[in-house]
file query.txt (compact mmCIF, C-alpha atoms)
# COMPACT_ATOMS: atom_id res chain seq x y z
CA MET B 19 -47.65 -43.88 -38.58
CA ASP B 20 -47.17 -40.79 -36.44
CA PRO B 21 -43.41 -40.04 -36.64
CA LEU B 22 -43.47 -38.97 -32.99
CA LEU B 23 -44.46 -42.51 -32.05
CA ASP B 24 -42.47 -44.45 -34.64
CA PHE B 25 -40.29 -47.02 -32.86
CA THR B 26 -39.22 -48.91 -35.96
CA GLY B 27 -36.11 -50.94 -35.16
CA LYS B 28 -35.89 -49.74 -31.57
CA VAL B 29 -35.08 -52.42 -28.98
CA VAL B 30 -37.55 -52.16 -26.12
CA LEU B 31 -37.32 -54.11 -22.86
CA ILE B 32 -40.46 -54.42 -20.70
CA THR B 33 -40.71 -56.10 -17.30
CA GLY B 34 -44.02 -57.34 -15.96
CA ALA B 35 -45.07 -57.89 -19.57
CA ALA B 36 -47.49 -60.79 -19.10
CA SER B 37 -50.45 -58.65 -18.05
CA GLY B 38 -51.68 -55.14 -17.28
CA PHE B 39 -49.63 -52.18 -18.42
CA GLY B 40 -46.78 -54.43 -19.56
CA ALA B 41 -48.90 -56.51 -21.91
CA LEU B 42 -50.56 -53.43 -23.38
CA LEU B 43 -47.18 -51.77 -23.85
CA ALA B 44 -45.89 -54.84 -25.66
CA GLU B 45 -48.81 -54.62 -28.07
CA SER B 46 -48.38 -50.87 -28.56
CA PHE B 47 -44.63 -50.97 -29.19
CA ASP B 48 -45.02 -54.00 -31.47
CA ALA B 49 -47.60 -52.15 -33.58
CA ARG B 50 -45.11 -49.30 -33.94
CA GLY B 51 -42.23 -51.41 -35.23
CA ALA B 52 -40.19 -52.07 -32.09
CA ARG B 53 -38.20 -55.22 -31.38
CA LEU B 54 -39.19 -56.51 -27.97
CA VAL B 55 -37.61 -58.18 -24.96
CA LEU B 56 -40.35 -59.17 -22.54
CA GLY B 57 -39.78 -60.41 -19.01
CA ASP B 58 -42.18 -61.70 -16.38
CA ILE B 59 -42.32 -64.35 -13.68
CA ASP B 60 -45.43 -65.66 -15.47
CA GLU B 61 -43.86 -67.44 -18.43
CA ASP B 62 -47.16 -68.89 -19.67
CA GLY B 63 -48.67 -65.42 -19.74
CA LEU B 64 -45.66 -64.15 -21.66
CA GLY B 65 -46.17 -66.87 -24.24
CA ASP B 66 -49.80 -65.86 -24.69
CA ILE B 67 -48.81 -62.22 -25.25
CA ALA B 68 -45.99 -63.10 -27.64
CA ALA B 69 -48.35 -65.23 -29.74
CA GLN B 70 -50.45 -62.12 -30.42
CA LEU B 71 -47.54 -59.98 -31.62
CA ARG B 72 -46.45 -59.56 -35.24
CA GLY B 73 -42.84 -58.41 -34.98
CA ASP B 74 -39.62 -59.56 -33.36
CA VAL B 75 -40.12 -60.62 -29.76
CA LEU B 76 -37.98 -62.42 -27.20
CA THR B 77 -39.56 -63.63 -23.96
CA MET B 78 -37.79 -64.69 -20.81
CA GLY B 79 -38.87 -65.74 -17.34
CA CYS B 80 -37.68 -62.99 -15.02
CA ASP B 81 -38.08 -62.53 -11.28
CA VAL B 82 -37.30 -58.83 -10.91
CA THR B 83 -36.58 -59.26 -7.20
CA VAL B 84 -33.46 -61.22 -8.21
CA GLU B 85 -30.52 -59.17 -9.47
CA ALA B 86 -29.21 -61.97 -11.69
CA ASP B 87 -32.56 -62.18 -13.51
CA CYS B 88 -32.52 -58.43 -14.17
CA ALA B 89 -29.02 -58.76 -15.60
CA ALA B 90 -29.96 -61.78 -17.71
CA LEU B 91 -32.86 -59.94 -19.34
CA VAL B 92 -30.55 -57.14 -20.49
CA ASP B 93 -27.94 -59.66 -21.62
CA ALA B 94 -30.61 -61.35 -23.72
CA ALA B 95 -31.44 -58.03 -25.42
CA VAL B 96 -27.79 -57.51 -26.30
CA GLU B 97 -27.33 -61.08 -27.53
CA MET B 98 -30.51 -61.08 -29.60
CA TYR B 99 -30.56 -57.53 -30.94
CA GLY B 100 -27.14 -56.05 -30.28
CA GLY B 101 -28.20 -53.43 -27.76
CA LEU B 102 -31.03 -51.68 -25.95
CA ASP B 103 -32.79 -48.39 -26.70
CA ILE B 104 -35.74 -48.23 -24.31
CA ALA B 105 -36.47 -49.93 -21.00
CA ILE B 106 -39.78 -49.92 -19.15
CA ASN B 107 -39.34 -51.05 -15.55
CA ASN B 108 -42.99 -51.87 -15.05
CA ALA B 109 -43.09 -54.93 -12.79
CA GLY B 110 -44.40 -54.29 -9.29
CA GLY B 111 -47.57 -54.05 -7.29
CA CYS B 112 -49.36 -54.56 -4.01
CA SER B 113 -52.46 -56.72 -3.59
CA GLN B 114 -53.39 -55.94 0.01
CA MET B 115 -53.93 -52.98 2.29
CA VAL B 116 -52.13 -53.01 5.65
CA ALA B 117 -52.17 -50.30 8.30
CA THR B 118 -48.77 -48.87 9.19
CA THR B 119 -48.82 -50.42 12.67
CA GLU B 120 -49.50 -53.84 11.15
CA VAL B 121 -46.69 -53.90 8.58
CA SER B 122 -44.41 -56.88 9.15
CA GLU B 123 -40.72 -56.95 8.34
CA GLU B 124 -41.39 -59.71 5.81
CA PHE B 125 -44.05 -57.66 4.02
CA LEU B 126 -41.89 -54.54 3.97
CA ASP B 127 -38.97 -56.49 2.52
CA GLN B 128 -41.25 -58.05 -0.08
CA GLN B 129 -42.61 -54.67 -1.16
CA PHE B 130 -39.16 -53.12 -1.48
CA ALA B 131 -37.86 -56.13 -3.41
CA LEU B 132 -40.75 -56.09 -5.88
CA ASN B 133 -41.18 -52.34 -6.32
CA ALA B 134 -37.78 -50.75 -5.60
CA LYS B 135 -34.97 -53.30 -5.94
CA SER B 136 -36.49 -54.32 -9.27
CA VAL B 137 -36.08 -50.79 -10.62
CA LEU B 138 -32.60 -50.27 -9.23
CA PHE B 139 -31.27 -53.55 -10.59
CA GLY B 140 -33.04 -52.95 -13.87
CA MET B 141 -31.31 -49.61 -14.33
CA LYS B 142 -27.99 -50.99 -13.08
CA TYR B 143 -27.73 -53.21 -16.15
CA GLN B 144 -29.75 -51.20 -18.65
CA ILE B 145 -27.72 -47.99 -18.33
CA PRO B 146 -24.28 -49.37 -19.33
CA VAL B 147 -25.75 -50.92 -22.48
CA MET B 148 -27.41 -47.61 -23.36
CA GLN B 149 -24.13 -45.79 -22.76
CA GLU B 150 -22.53 -48.01 -25.37
CA ARG B 151 -25.47 -47.27 -27.66
CA GLY B 152 -24.99 -43.52 -27.30
CA GLY B 153 -28.20 -42.93 -25.39
CA GLY B 154 -31.61 -44.30 -24.55
CA ALA B 155 -34.75 -43.87 -22.51
CA ILE B 156 -35.85 -45.52 -19.28
CA ILE B 157 -39.33 -45.21 -17.82
CA ASN B 158 -39.92 -46.46 -14.30
CA VAL B 159 -43.46 -47.17 -13.16
CA SER B 160 -44.04 -45.60 -9.75
CA SER B 161 -47.46 -44.59 -8.42
CA MET B 162 -49.40 -41.71 -6.96
CA ALA B 163 -48.47 -43.47 -3.72
CA GLY B 164 -44.90 -42.47 -4.60
CA LEU B 165 -45.78 -38.77 -4.62
CA GLY B 166 -47.95 -38.43 -1.53
CA GLY B 167 -49.55 -40.28 1.33
CA ALA B 168 -51.32 -43.59 0.75
CA PRO B 169 -53.40 -44.76 3.73
CA LYS B 170 -52.91 -48.47 4.50
CA LEU B 171 -50.25 -48.68 1.79
CA SER B 172 -47.25 -47.45 3.73
CA ALA B 173 -44.88 -50.24 2.63
CA TYR B 174 -45.94 -49.92 -1.00
CA GLY B 175 -45.85 -46.14 -0.83
CA ALA B 176 -42.37 -46.12 0.67
CA ALA B 177 -41.10 -48.36 -2.13
CA LYS B 178 -42.76 -46.24 -4.80
CA HIS B 179 -41.30 -43.05 -3.26
CA ALA B 180 -37.95 -44.82 -3.61
CA VAL B 181 -38.65 -45.35 -7.32
CA VAL B 182 -39.14 -41.60 -7.77
CA GLY B 183 -35.95 -40.85 -5.86
CA MET B 184 -33.91 -43.36 -7.86
CA THR B 185 -35.37 -42.04 -11.11
CA LYS B 186 -34.38 -38.46 -10.37
CA THR B 187 -30.93 -39.45 -9.12
CA ALA B 188 -30.12 -41.63 -12.12
CA ALA B 189 -31.47 -38.97 -14.49
CA VAL B 190 -28.96 -36.47 -13.12
CA GLU B 191 -26.11 -38.99 -13.14
CA TYR B 192 -26.56 -40.06 -16.76
CA ALA B 193 -28.03 -37.01 -18.51
CA ARG B 194 -24.70 -36.28 -20.21
CA ASP B 195 -24.78 -39.77 -21.68
CA ASN B 196 -28.02 -38.89 -23.48
CA ILE B 197 -29.99 -41.31 -21.33
CA ARG B 198 -33.35 -39.90 -20.33
CA ILE B 199 -34.89 -41.42 -17.20
CA ASN B 200 -38.43 -40.57 -16.12
CA ALA B 201 -41.16 -42.09 -13.96
CA VAL B 202 -44.91 -42.33 -14.31
CA CYS B 203 -47.13 -42.13 -11.23
CA PRO B 204 -50.60 -43.49 -12.02
CA PHE B 205 -53.65 -43.28 -9.81
CA PHE B 206 -55.61 -46.54 -9.58
CA ALA B 207 -56.19 -48.01 -13.03
CA LEU B 208 -58.32 -50.92 -14.14
CA THR B 209 -55.57 -53.50 -14.51
CA PRO B 210 -55.55 -56.99 -12.93
CA LEU B 211 -53.55 -55.55 -10.01
CA VAL B 212 -56.78 -53.74 -9.08
CA THR B 213 -59.53 -55.92 -10.52
CA ASP B 214 -58.03 -59.19 -9.21
CA SER B 215 -57.11 -57.91 -5.75
CA ASP B 216 -58.51 -56.54 -2.49
CA PHE B 217 -59.00 -53.23 -4.30
CA ASN B 218 -61.68 -54.54 -6.66
CA ASP B 219 -64.45 -54.17 -4.10
CA MET B 220 -63.39 -50.55 -3.54
CA THR B 221 -63.28 -49.25 -7.10
CA GLY B 222 -66.37 -47.08 -6.68
CA PHE B 223 -65.00 -45.57 -3.50
CA LEU B 224 -61.56 -45.05 -5.03
CA ALA B 225 -63.05 -43.38 -8.11
CA GLN B 226 -64.60 -40.72 -5.90
CA GLY B 227 -61.08 -39.61 -4.96
CA SER B 228 -60.48 -38.41 -8.52
CA PRO B 229 -61.95 -35.16 -9.87
CA MET B 230 -62.90 -37.18 -12.95
CA LYS B 231 -64.81 -39.59 -10.66
CA ARG B 232 -63.42 -42.66 -12.36
CA LEU B 233 -60.37 -44.85 -12.34
CA GLY B 234 -57.88 -44.75 -15.18
CA GLU B 235 -58.08 -46.99 -18.22
CA PRO B 236 -54.84 -48.92 -18.84
CA GLY B 237 -54.38 -47.30 -22.24
CA GLU B 238 -54.49 -43.85 -20.67
CA ILE B 239 -51.39 -44.79 -18.68
CA THR B 240 -49.50 -46.60 -21.43
CA ASP B 241 -50.04 -43.77 -23.91
CA VAL B 242 -48.10 -41.47 -21.59
CA ILE B 243 -45.31 -44.06 -21.36
CA LEU B 244 -45.16 -44.14 -25.16
CA MET B 245 -44.85 -40.35 -25.20
CA LEU B 246 -42.03 -40.45 -22.66
CA SER B 247 -40.28 -43.13 -24.74
CA SER B 248 -40.61 -41.28 -28.04
CA PRO B 249 -37.38 -40.61 -29.95
CA ALA B 250 -38.80 -37.12 -30.48
CA ASN B 251 -38.89 -36.48 -26.72
CA THR B 252 -35.24 -35.49 -26.33
CA TYR B 253 -35.09 -32.92 -23.50
CA MET B 254 -37.31 -34.34 -20.79
CA THR B 255 -35.62 -36.25 -17.98
CA GLY B 256 -35.81 -36.67 -14.22
CA GLN B 257 -39.57 -36.18 -14.09
CA ALA B 258 -42.24 -38.03 -12.11
CA ILE B 259 -45.42 -37.61 -14.14
CA ALA B 260 -48.75 -37.90 -12.32
CA ILE B 261 -51.44 -39.63 -14.41
CA ASP B 262 -54.24 -39.29 -11.97
CA GLY B 263 -57.43 -37.73 -13.30
CA GLY B 264 -56.61 -34.58 -11.36
CA VAL B 265 -55.96 -36.08 -7.90
CA SER B 266 -52.70 -34.17 -7.46
CA ALA B 267 -54.47 -30.89 -8.31
CA TYR B 268 -56.31 -30.85 -4.96

call {"tool": "encode", "arguments": {"input": "query.txt", "output": "structure tokens"}}
result
Amino acid sequence: MDPLLDFTGKVVLITGAASGFGALLAESFDARGARLVLGDIDEDGLGDIAAQLRGDVLTMGCDVTVEADCAALVDAAVEMYGGLDIAINNAGGCSQMVATTEVSEEFLDQQFALNAKSVLFGMKYQIPVMQERGGGAIINVSSMAGLGGAPKLSAYGAAKHAVVGMTKTAAVEYARDNIRINAVCPFFALTPLVTDSDFNDMTGFLAQGSPMKRLGEPGEITDVILMLSSPANTYMTGQAIAIDGGVSAY
């Protein structure tokens, strides 16, 4: 095993772990020796993922829009494994496109709860446990919509901009505690959030927006998350990493 990606014995918490990036991350960390705490609102999906894993895994139903659920997931990691080393705040998404003038208060609140509150309340409970541990790594999943404009995704984009802002702020606040906090900002990738949504009929059009003329493969995103999580990556914090096939180079 590559020592740069050896997570043997590390306790890794992943939200949104029943599908997409979260499920692939669970498989990748499991193959590299990590002990897992997996949360998702889809408990049946979590069970299916856990059944495929070889190592230690704890699953828990978790609605990341609810602060108490975010706290309970961290508490479960401490109770089961004695602490927490790595947290991937992955849960989030947006399944529809809405013009700015058509955004309702309900939709805006829903997008901030799912994409921004989830990250804030995740970090709120993850950081103190990592402080006790002497350090750790947190990776928050934002989006290219969190770095620039996103036509017809203003509510989602605003929430994902908030993820970047919270990531940078928390990174500064807790750098002296040896807690590294970074964000990834993917362009559209071929996960169920795209293939099972309004975006599926637009994949060809969306691909033309990338210099590579294709959408990202899920593994191309999760491999960067593994790199950011690596115990060998000790001096990188407060970054929002674009994984976009060159979109941000325009």

call {"tool": "closest_residue", "arguments": {"input": "query.txt", "among": "B:Asp262, B:Ile32, B:Asp195, B:Cys112", "to": "B:Ala176", "atoms": "only C-alpha atoms"}}
result
B:Cys112

call {"tool": "residues_around", "arguments": {"input": "query.txt", "residues": "stretch 233-238 of chain B", "least_positions_apart": "2", "cutoff": "6 Å", "atoms": "only C-alpha atoms", "output": "JSON, numbers by chain"}}
result
{"B": [206, 207, 208, 225, 240, 241]}

call {"tool": "write_last_selection", "arguments": {"input": "query.txt", "atoms": "C-alpha atoms", "output": "CSV table (one decimal), in the frame of the given file"}}
result
chain,number,residue,atom,x,y,z
B,206,PHE,CA,-55.6,-46.5,-9.6
B,207,ALA,CA,-56.2,-48.0,-13.0
B,208,LEU,CA,-58.3,-50.9,-14.1
B,225,ALA,CA,-63.0,-43.4,-8.1
B,240,THR,CA,-49.5,-46.6,-21.4
B,241,ASP,CA,-50.0,-43.8,-23.9

call {"tool": "residues_around", "arguments": {"input": "query.txt", "residues": "stretch 131-143 of chain B", "least_positions_apart": "6", "cutoff": "10 Å", "atoms": "all atoms listed in the file", "output": "ChimeraX atom specification"}}
result
/B:33,81-93,105-112,125,156-160,173-182,184-185,188,199

call {"tool": "residues_around", "arguments": {"input": "query.txt", "residues": "B:Leu246", "least_positions_apart": "5", "cutoff": "10 Å", "atoms": "only C-alpha atoms", "output": "list in words"}}
result
Leu23, Ala155, Ile156, Ile157, Arg198, Ile199, Asn200, Ala201, Val202, Thr240, Asp241, Asn251, Thr252, Met254, Thr255, Gln257 and Ile259 of chain B

call {"tool": "write_last_selection", "arguments": {"input": "query.txt", "atoms": "C-alpha atoms", "output": "short mmCIF file (atom, residue, chain, number, x, y, z; two decimals), in the coordinates of the input"}}
result
data_model
loop_
_atom_site.label_atom_id
_atom_site.label_comp_id
_atom_site.auth_asym_id
_atom_site.auth_seq_id
_atom_site.Cartn_x
_atom_site.Cartn_y
_atom_site.Cartn_z
CA LEU B 23 -44.46 -42.51 -32.05
CA ALA B 155 -34.75 -43.87 -22.51
CA ILE B 156 -35.85 -45.52 -19.28
CA ILE B 157 -39.33 -45.21 -17.82
CA ARG B 198 -33.35 -39.90 -20.33
CA ILE B 199 -34.89 -41.42 -17.20
CA ASN B 200 -38.43 -40.57 -16.12
CA ALA B 201 -41.16 -42.09 -13.96
CA VAL B 202 -44.91 -42.33 -14.31
CA THR B 240 -49.50 -46.60 -21.43
CA ASP B 241 -50.04 -43.77 -23.91
CA ASN B 251 -38.89 -36.48 -26.72
CA THR B 252 -35.24 -35.49 -26.33
CA MET B 254 -37.31 -34.34 -20.79
CA THR B 255 -35.62 -36.25 -17.98
CA GLN B 257 -39.57 -36.18 -14.09
CA ILE B 259 -45.42 -37.61 -14.14
#

call {"tool": "atom_distance", "arguments": {"input": "query.txt", "atom1": "atom CA of B:Ala260", "atom2": "atom CA of B:Pro169"}}
result
18.1 Å

call {"tool": "atom_distance", "arguments": {"input": "query.txt", "atom1": "atom CA of B:Ala44", "atom2": "atom CA of B:Ser161"}}
result
20.1 Å

call {"tool": "closest_residue", "arguments": {"input": "query.txt", "among": "B:Ala250, B:Ala258, B:Leu54, B:Val265", "to": "B:Met230", "atoms": "all atoms listed in the file"}}
result
B:Val265

call {"tool": "closest_residue", "arguments": {"input": "query.txt", "among": "B:Leu102, B:Ser122, B:Ala117, B:Ser172", "to": "B:Glu150", "atoms": "all atoms listed in the file"}}
result
B:Leu102

call {"tool": "atom_distance", "arguments": {"input": "query.txt", "atom1": "atom CA of B:Gly73", "atom2": "atom CA of B:Phe47"}}
result
9.6 Å

call {"tool": "closest_residue", "arguments": {"input": "query.txt", "among": "B:Ala49, B:Leu42, B:Ile59, B:Val29", "to": "B:Ile243", "atoms": "all atoms listed in the file"}}
result
B:Leu42

call {"tool": "closest_residue", "arguments": {"input": "query.txt", "among": "B:Gly101, B:Gly166, B:Gly263, B:Gly63", "to": "B:Val147", "atoms": "only C-alpha atoms"}}
result
B:Gly101

call {"tool": "residues_around", "arguments": {"input": "query.txt", "residues": "B:Gly51", "least_positions_apart": "3", "cutoff": "12 Å", "atoms": "only C-alpha atoms", "output": "number ranges by chain"}}
result
B: 19-21, 23-30, 44-48, 54, 71-75

call {"tool": "closest_residue", "arguments": {"input": "query.txt", "among": "B:Gln128, B:Met162, B:Glu191, B:Ser266", "to": "B:Phe205", "atoms": "all atoms listed in the file"}}
result
B:Met162

call {"tool": "build_atoms", "arguments": {"input": "query.txt", "residues": "stretch 93-117 of chain B", "atoms": "N, CA and C atoms", "output": "PDB file, keeping the file's coordinate frame"}}
result
ATOM      1  N   ASP B  93     -28.878 -58.874 -20.824  1.00  0.00           N
ATOM      2  CA  ASP B  93     -27.940 -59.660 -21.620  1.00  0.00           C
ATOM      3  C   ASP B  93     -28.631 -60.284 -22.826  1.00  0.00           C
ATOM      4  N   ALA B  94     -29.863 -60.736 -22.624  1.00  0.00           N
ATOM      5  CA  ALA B  94     -30.610 -61.350 -23.720  1.00  0.00           C
ATOM      6  C   ALA B  94     -30.903 -60.331 -24.822  1.00  0.00           C
ATOM      7  N   ALA B  95     -31.194 -59.083 -24.425  1.00  0.00           N
ATOM      8  CA  ALA B  95     -31.440 -58.030 -25.420  1.00  0.00           C
ATOM      9  C   ALA B  95     -30.192 -57.785 -26.259  1.00  0.00           C
ATOM     10  N   VAL B  96     -29.051 -57.758 -25.594  1.00  0.00           N
ATOM     11  CA  VAL B  96     -27.790 -57.510 -26.300  1.00  0.00           C
ATOM     12  C   VAL B  96     -27.467 -58.682 -27.228  1.00  0.00           C
ATOM     13  N   GLU B  97     -27.644 -59.898 -26.729  1.00  0.00           N
ATOM     14  CA  GLU B  97     -27.330 -61.080 -27.530  1.00  0.00           C
ATOM     15  C   GLU B  97     -28.254 -61.198 -28.738  1.00  0.00           C
ATOM     16  N   MET B  98     -29.521 -60.897 -28.538  1.00  0.00           N
ATOM     17  CA  MET B  98     -30.510 -61.080 -29.600  1.00  0.00           C
ATOM     18  C   MET B  98     -30.495 -59.937 -30.605  1.00  0.00           C
ATOM     19  N   TYR B  99     -30.378 -58.698 -30.091  1.00  0.00           N
ATOM     20  CA  TYR B  99     -30.560 -57.530 -30.940  1.00  0.00           C
ATOM     21  C   TYR B  99     -29.359 -56.600 -31.021  1.00  0.00           C
ATOM     22  N   GLY B 100     -28.345 -56.863 -30.217  1.00  0.00           N
ATOM     23  CA  GLY B 100     -27.140 -56.050 -30.280  1.00  0.00           C
ATOM     24  C   GLY B 100     -27.133 -54.820 -29.406  1.00  0.00           C
ATOM     25  N   GLY B 101     -28.170 -54.610 -28.611  1.00  0.00           N
ATOM     26  CA  GLY B 101     -28.200 -53.430 -27.760  1.00  0.00           C
ATOM     27  C   GLY B 101     -29.577 -53.209 -27.172  1.00  0.00           C
ATOM     28  N   LEU B 102     -29.771 -52.019 -26.601  1.00  0.00           N
ATOM     29  CA  LEU B 102     -31.030 -51.680 -25.950  1.00  0.00           C
ATOM     30  C   LEU B 102     -31.259 -50.182 -26.080  1.00  0.00           C
ATOM     31  N   ASP B 103     -32.457 -49.802 -26.515  1.00  0.00           N
ATOM     32  CA  ASP B 103     -32.790 -48.390 -26.700  1.00  0.00           C
ATOM     33  C   ASP B 103     -33.740 -47.850 -25.630  1.00  0.00           C
ATOM     34  N   ILE B 104     -34.688 -48.671 -25.229  1.00  0.00           N
ATOM     35  CA  ILE B 104     -35.740 -48.230 -24.310  1.00  0.00           C
ATOM     36  C   ILE B 104     -35.990 -49.336 -23.295  1.00  0.00           C
ATOM     37  N   ALA B 105     -36.126 -48.963 -22.029  1.00  0.00           N
ATOM     38  CA  ALA B 105     -36.470 -49.930 -21.000  1.00  0.00           C
ATOM     39  C   ALA B 105     -37.637 -49.407 -20.181  1.00  0.00           C
ATOM     40  N   ILE B 106     -38.622 -50.259 -19.969  1.00  0.00           N
ATOM     41  CA  ILE B 106     -39.780 -49.920 -19.150  1.00  0.00           C
ATOM     42  C   ILE B 106     -39.757 -50.832 -17.926  1.00  0.00           C
ATOM     43  N   ASN B 107     -39.369 -50.272 -16.793  1.00  0.00           N
ATOM     44  CA  ASN B 107     -39.340 -51.050 -15.550  1.00  0.00           C
ATOM     45  C   ASN B 107     -40.731 -50.965 -14.923  1.00  0.00           C
ATOM     46  N   ASN B 108     -41.560 -51.909 -15.344  1.00  0.00           N
ATOM     47  CA  ASN B 108     -42.990 -51.870 -15.050  1.00  0.00           C
ATOM     48  C   ASN B 108     -43.409 -52.831 -13.939  1.00  0.00           C
ATOM     49  N   ALA B 109     -42.675 -53.914 -13.757  1.00  0.00           N
ATOM     50  CA  ALA B 109     -43.090 -54.930 -12.790  1.00  0.00           C
ATOM     51  C   ALA B 109     -43.187 -54.351 -11.386  1.00  0.00           C
ATOM     52  N   GLY B 110     -44.207 -54.776 -10.655  1.00  0.00           N
ATOM     53  CA  GLY B 110     -44.400 -54.290  -9.290  1.00  0.00           C
ATOM     54  C   GLY B 110     -45.833 -54.494  -8.879  1.00  0.00           C
ATOM     55  N   GLY B 111     -46.178 -53.981  -7.707  1.00  0.00           N
ATOM     56  CA  GLY B 111     -47.570 -54.050  -7.290  1.00  0.00           C
ATOM     57  C   GLY B 111     -47.735 -54.328  -5.815  1.00  0.00           C
ATOM     58  N   CYS B 112     -48.979 -54.277  -5.394  1.00  0.00           N
ATOM     59  CA  CYS B 112     -49.360 -54.560  -4.010  1.00  0.00           C
ATOM     60  C   CYS B 112     -50.819 -54.993  -4.028  1.00  0.00           C
ATOM     61  N   SER B 113     -51.114 -56.170  -3.491  1.00  0.00           N
ATOM     62  CA  SER B 113     -52.460 -56.720  -3.590  1.00  0.00           C
ATOM     63  C   SER B 113     -53.248 -56.624  -2.290  1.00  0.00           C
ATOM     64  N   GLN B 114     -52.663 -56.030  -1.245  1.00  0.00           N
ATOM     65  CA  GLN B 114     -53.390 -55.940   0.010  1.00  0.00           C
ATOM     66  C   GLN B 114     -53.115 -54.619   0.710  1.00  0.00           C
ATOM     67  N   MET B 115     -54.053 -54.214   1.520  1.00  0.00           N
ATOM     68  CA  MET B 115     -53.930 -52.980   2.290  1.00  0.00           C
ATOM     69  C   MET B 115     -53.627 -53.347   3.742  1.00  0.00           C
ATOM     70  N   VAL B 116     -52.586 -52.707   4.292  1.00  0.00           N
ATOM     71  CA  VAL B 116     -52.130 -53.010   5.650  1.00  0.00           C
ATOM     72  C   VAL B 116     -51.848 -51.700   6.359  1.00  0.00           C
ATOM     73  N   ALA B 117     -52.441 -51.504   7.520  1.00  0.00           N
ATOM     74  CA  ALA B 117     -52.170 -50.300   8.300  1.00  0.00           C
ATOM     75  C   ALA B 117     -50.709 -50.242   8.713  1.00  0.00           C
TER      76      ALA B 117
END
